[in-house]
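Chemist: Structure provided below as structure tokens; questions to follow.
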Amino acid sequence: MKRLILFFVFLSFFSCQRKEEVSKDIFPLFSAWGRASIFEDKSDQEILDYLKNLKSSHVDAVFLDAPNETYKHVSPLFKKAGVLLHAWRPTMINNSKEIMAKHKDWYTVSREGVNVVDNPPYVDYYHFMCPRNPEVKEYLIQEYLKIARIPGIASIHFDYIRYCDVYLPDALQPHYGLVQDHEMAPYDFCYCDRCRAAFKKEYGRDPMELEDPSKDKDWAAFRLDPIVDIVNTVAARVKKETGVAASAAVFPTPEMSRTHVRQDWSRFEIDAVCPMIYNGFYNKPISWIGETVKEDVETMGTPKTLLAGVYVPDIKETEKMNEAIDQALDNGAKGVVFFNLPDMTQAHFDLIKKRYEMYQKTHQK
Ligand SMILES: [Zn+2]
């Protein structure tokens with residue numbers, strides 16, 4: 001018996017060690033989001049110089065939103081510069097004209113019965129697919145496998161891994177002339193035939209016919225599950241078939257994410273999460289970054305590396321950025337991700353370099 005216990009102790013020690021190694025290796029202290037446009041009209045040498053500058057500032061990883069062809073092109077340059085390349089890709093939003101024309105039934109339907117293909121909510125690109133549709137799930141598995149098979153990808157990075165916003169962040173609501181003090185029908189999804197039938201089969205009621213669907217706890221929970229399932233299924237398949245890790249950009253806390261966008265990232269079984277703790281979006285001070293990170297560490301559920309996402313225009317003065325870094329790291333984040341590269345100046349990079357060096361000194365074994 002004792003030997004058996006020892007064996008399990010050894011096993012769990014070994015698995016912790018491995019997890020820590022993966023995290024440390026591919027999710028460094030400082031990284032940034034960026035889109036393919038940062039490389040537009042740049043020669044390979046110019047891209048390499050740009051990446052080398054990031055490396056020398058210890059922005060050691062980039063979450064890049066780009067077509068697969070761009071990943072293939074820039075991946076060797078990332079390797080040469082020593083910067084990690086994470087493949088950032090919207091998940092549930094899909095603006096492909098071909099897919100919208102061919103598979104309208106893949107898309108979500110509001111409580112008003114409107115398909116997002118006909119009339120997307122808030123903005124013209126808000127074409128969210130239905131997470132309960134098995135064809136959508138299979139499509140996403142194949143898409144992420146294609147990305148993960150590109151040599152040099154450190155992780156697949158889910159974004160828009162959620163439903164349409166039930167509630168917009170506070171600071172954005174006035175831009176749309178909205179006061180969202182309850183779940184409003186045009187922003188409440190998904191009431192497609194498949195989702196309605198599946199819920200009715202399990203619970204005996206049609207969500208479309210509920211007097212106030214926001215009061216139905218089963219209906220709320222029912223919609224969280226398929227997003228969790230897509231993340232966990234895609235991440236497991238990608239890990240199994242390619243060995244590539246998975247990460248996700250998520251809303252500030254699990255609690256907020258469930259309420260605002262029906263995203264329960266506490267149940268995401270992935271290597272890392274990057275909660276977008278954009279204080280300005282919620283009219284909050286920089287100290288809110290620390291409070292949020294603390295709540296995340298306490299409520300993140302399935303263990304994963306936590307990198308605090310910060311919005312550079314909200315903290316563009318270096319003193320503010322410095323404070324944001326303190327707030328994140330002092331409260332349990334393993335790193336900070338900056339949104340996004342075009343907003344970052346050399347003064348920011350110099351600060352990050354200084355903070356990296358300080359961190360190395362204080363964390364030397
Ligand atoms: Zn649906």
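By order in the structure tokens, chains are A, B, ...; within a chain, residues start at 1; ligands start at 1, following the order shown.
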Within 12 Å of range 68-79 of chain A, counting only C-alpha atoms, which residues qualify if same-chain residues fewer than 3 places away don't, as a CSV table (one decimal) with C-alpha atoms, in the first residue's frame?
Modeler:
chain,number,residue,atom,x,y,z
A,35,ARG,CA,-2.4,41.2,-36.1
A,36,ALA,CA,-0.9,40.3,-39.4
A,37,SER,CA,-1.1,44.0,-40.4
A,38,ILE,CA,2.0,44.7,-38.2
A,39,PHE,CA,4.0,42.9,-40.9
A,40,GLU,CA,2.3,44.5,-43.9
A,42,LYS,CA,7.6,44.7,-44.4
A,43,SER,CA,10.5,42.7,-45.9
A,44,ASP,CA,11.6,39.5,-44.2
A,45,GLN,CA,14.6,41.5,-42.8
A,46,GLU,CA,12.3,44.2,-41.5
A,47,ILE,CA,10.1,41.6,-39.8
A,48,LEU,CA,13.1,39.9,-38.3
A,49,ASP,CA,14.4,43.3,-37.0
A,50,TYR,CA,11.0,44.0,-35.5
A,51,LEU,CA,10.9,40.6,-33.7
A,52,LYS,CA,14.5,41.0,-32.5
A,53,ASN,CA,13.6,44.3,-30.9
A,54,LEU,CA,10.7,42.6,-29.1
A,55,LYS,CA,13.0,39.9,-28.0
A,60,ASP,CA,9.1,36.9,-25.7
A,61,ALA,CA,5.9,35.8,-27.3
A,62,VAL,CA,3.3,37.1,-29.7
A,63,PHE,CA,-0.3,36.0,-30.1
A,64,LEU,CA,-0.7,36.7,-33.8
A,65,ASP,CA,-4.0,36.8,-35.6
A,82,GLY,CA,13.7,33.6,-30.5
A,83,VAL,CA,10.1,34.9,-30.1
A,84,LEU,CA,7.3,32.4,-29.6
A,85,LEU,CA,4.4,32.4,-32.0
A,86,HIS,CA,0.9,31.7,-30.7
A,87,ALA,CA,-1.8,31.3,-33.3
A,88,TRP,CA,-4.6,33.7,-32.3
A,89,ARG,CA,-7.8,32.9,-34.1
A,143,GLU,CA,-9.4,24.3,-38.7
A,144,TYR,CA,-7.4,24.3,-35.5
A,145,LEU,CA,-5.6,21.0,-36.5
A,146,LYS,CA,-4.5,22.7,-39.7
A,147,ILE,CA,-3.0,25.6,-37.7
A,148,ALA,CA,-1.4,23.4,-35.1
A,149,ARG,CA,0.3,21.3,-37.9
A,150,ILE,CA,2.2,24.4,-39.1
A,151,PRO,CA,5.8,24.1,-37.8
A,152,GLY,CA,6.7,26.5,-35.0
A,153,ILE,CA,3.2,27.2,-33.5
A,154,ALA,CA,3.5,27.3,-29.7
A,156,ILE,CA,-3.6,27.6,-30.7
Chemist: Let me see if you get this right: every residue at most 12 Å from ligand 1, counting only C-alpha atoms and all ligand atoms, written as a ChimeraX atom specification.
Modeler: /A:92,104-111,113-116,128-136,163,188-199,207,222-224,226-227
Chemist: Which is closer to Gln263 in chain A than all the others in A:Val234, A:Leu168, A:Ala32, A:Ala220, using only C-alpha atoms?
Modeler: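 Result for the nearest residue to Gln263 in chain A: A:Ala220.
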Chemist: Measure the distance from CA of Lys239 in chain A to CA of Arg262 in chain A in Å and round it to one decimal.
Modeler: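 Taking CA of Lys239 in chain A and CA of Arg262 in chain A, their separation equals 25.2 Å.
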Chemist: Hey, what's within 9 Å of Trp288 in chain A if we count only C-alpha atoms and toss same-chain stuff fewer than 6 positions away? As a PyMOL selection string, please?
Modeler: chain A and resi 277+279+327
Chemist: Restrict the selected residues to N, CA and C atoms and save them as a PDB file, in the first residue's frame.
Modeler:
ATOM      1  N   ILE A 277      -8.346  41.983 -19.011  1.00  0.00           N
ATOM      2  CA  ILE A 277      -8.694  42.814 -17.856  1.00  0.00           C
ATOM      3  C   ILE A 277      -8.497  44.276 -18.252  1.00  0.00           C
ATOM      4  N   ASN A 279      -9.316  47.622 -17.915  1.00  0.00           N
ATOM      5  CA  ASN A 279      -9.999  48.415 -16.883  1.00  0.00           C
ATOM      6  C   ASN A 279     -10.841  49.556 -17.451  1.00  0.00           C
ATOM      7  N   GLN A 327       0.190  45.207 -10.360  1.00  0.00           N
ATOM      8  CA  GLN A 327      -1.125  44.684  -9.970  1.00  0.00           C
ATOM      9  C   GLN A 327      -1.288  43.226 -10.425  1.00  0.00           C
TER      10      GLN A 327
END
Chemist: Rounded to one decimal place, report the CA of Thr345 in chain A-CA of Pro252 in chain A distance in Å.
Modeler: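 Taking CA of Thr345 in chain A as the start and CA of Pro252 in chain A as the end point, the length is 25.1 Å.
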Chemist: Assign secondary structure with DSSP using the backbone only, and return the residues of range 68-275 of chain A in helix (DSSP H, G or I) as a ChimeraX atom specification.
Modeler: /A:68-81,97-102,104-106,134-148,173-176,185-187,193-203,207-209,213-215,217-242,254-261,265-267
Chemist: Any idea what's packed within 10 Å of range 290-301 of chain A, counting only C-alpha atoms, ignoring anything in its chain fewer than 3 positions away? Could you give it as a PyMOL selection string?
Modeler: chain A and resi 252-255+264-269+273+275+277+279+286-287+304-309+323-333
Chemist: With only C-alpha atoms as the counted atoms, please give the residues lying no more than 10 Å from range 354-363 of chain A, apart from itself and same-chain residues fewer than 6 positions off, as a ChimeraX atom specification.
Modeler: /A:29-30,57-59,322,325-326,329,348
Chemist: Grab the residues selected above and save them as a PDB file, in the first residue's frame with C-alpha atoms.
Modeler:
ATOM      1  CA  LEU A  29       6.508  36.697 -18.379  1.00  0.00           C
ATOM      2  CA  PHE A  30       5.691  39.258 -21.088  1.00  0.00           C
ATOM      3  CA  SER A  57      12.778  43.991 -24.663  1.00  0.00           C
ATOM      4  CA  HIS A  58      11.665  40.575 -23.363  1.00  0.00           C
ATOM      5  CA  VAL A  59       8.346  40.569 -25.117  1.00  0.00           C
ATOM      6  CA  ASN A 322       4.269  49.877 -14.413  1.00  0.00           C
ATOM      7  CA  ILE A 325       2.315  45.066 -14.187  1.00  0.00           C
ATOM      8  CA  ASP A 326       2.600  45.268 -10.389  1.00  0.00           C
ATOM      9  CA  LEU A 329       2.164  39.958 -10.896  1.00  0.00           C
ATOM     10  CA  HIS A 348       6.860  50.737 -23.189  1.00  0.00           C
TER      11      HIS A 348
END
Chemist: Enter the distance from CA of Glu202 in chain A to CA of Thr302 in chain A, in Å, rounded to one decimal.
Modeler: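 Here the two named atoms are 26.7 Å from each other.
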Chemist: For Thr233 in chain A, which residue out of A:Trp219, A:Glu138, A:Gly34, A:Lys334 is the nearest one, using only C-alpha atoms?
Modeler: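 Under the stated criterion, the closest residue is A:Glu138.
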Chemist: Using only C-alpha atoms, which residues sit within 12 Å of His175 in chain A once same-chain residues fewer than 5 positions away are excluded, as a list in words?
Modeler: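 In the requested format, the answer is Tyr122, Val123, Leu168, Pro169, Asp170 and Phe281 of chain A.
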Chemist: Among range 26-182 of chain A, which ones does DSSP place in strand (DSSP E), written as number ranges by chain?
Modeler: A: 30-35, 61-65, 84-90, 153-159
Chemist: Just the selected residues (C-alpha atoms), exported as an mmCIF file, in the first residue's frame, please.
Modeler:
data_model
loop_
_atom_site.group_PDB
_atom_site.id
_atom_site.type_symbol
_atom_site.label_atom_id
_atom_site.label_comp_id
_atom_site.auth_asym_id
_atom_site.auth_seq_id
_atom_site.Cartn_x
_atom_site.Cartn_y
_atom_site.Cartn_z
ATOM 1 C CA PHE A 30 5.691 39.258 -21.088
ATOM 2 C CA SER A 31 3.919 38.809 -24.404
ATOM 3 C CA ALA A 32 1.630 40.795 -26.706
ATOM 4 C CA TRP A 33 -1.273 40.389 -29.074
ATOM 5 C CA GLY A 34 -0.806 41.564 -32.647
ATOM 6 C CA ARG A 35 -2.429 41.226 -36.054
ATOM 7 C CA ALA A 61 5.891 35.753 -27.308
ATOM 8 C CA VAL A 62 3.329 37.135 -29.745
ATOM 9 C CA PHE A 63 -0.313 36.037 -30.066
ATOM 10 C CA LEU A 64 -0.688 36.665 -33.786
ATOM 11 C CA ASP A 65 -4.019 36.840 -35.598
ATOM 12 C CA LEU A 84 7.323 32.371 -29.560
ATOM 13 C CA LEU A 85 4.439 32.353 -32.021
ATOM 14 C CA HIS A 86 0.931 31.703 -30.690
ATOM 15 C CA ALA A 87 -1.816 31.343 -33.300
ATOM 16 C CA TRP A 88 -4.596 33.714 -32.258
ATOM 17 C CA ARG A 89 -7.808 32.929 -34.117
ATOM 18 C CA PRO A 90 -11.460 33.918 -33.594
ATOM 19 C CA ILE A 153 3.210 27.180 -33.518
ATOM 20 C CA ALA A 154 3.517 27.315 -29.705
ATOM 21 C CA SER A 155 -0.220 27.220 -28.984
ATOM 22 C CA ILE A 156 -3.560 27.615 -30.661
ATOM 23 C CA HIS A 157 -5.210 30.645 -29.102
ATOM 24 C CA PHE A 158 -9.015 30.740 -28.972
ATOM 25 C CA ASP A 159 -10.714 34.127 -29.136
#
Chemist: Would you please work out which residue, of A:Leu140, A:Ile99, A:Phe27, A:Asp165, is nearest to Pro120 in chain A when using only C-alpha atoms?
Modeler: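 When distances to Pro120 in chain A are compared using only C-alpha atoms, the smallest one comes from A:Asp165.
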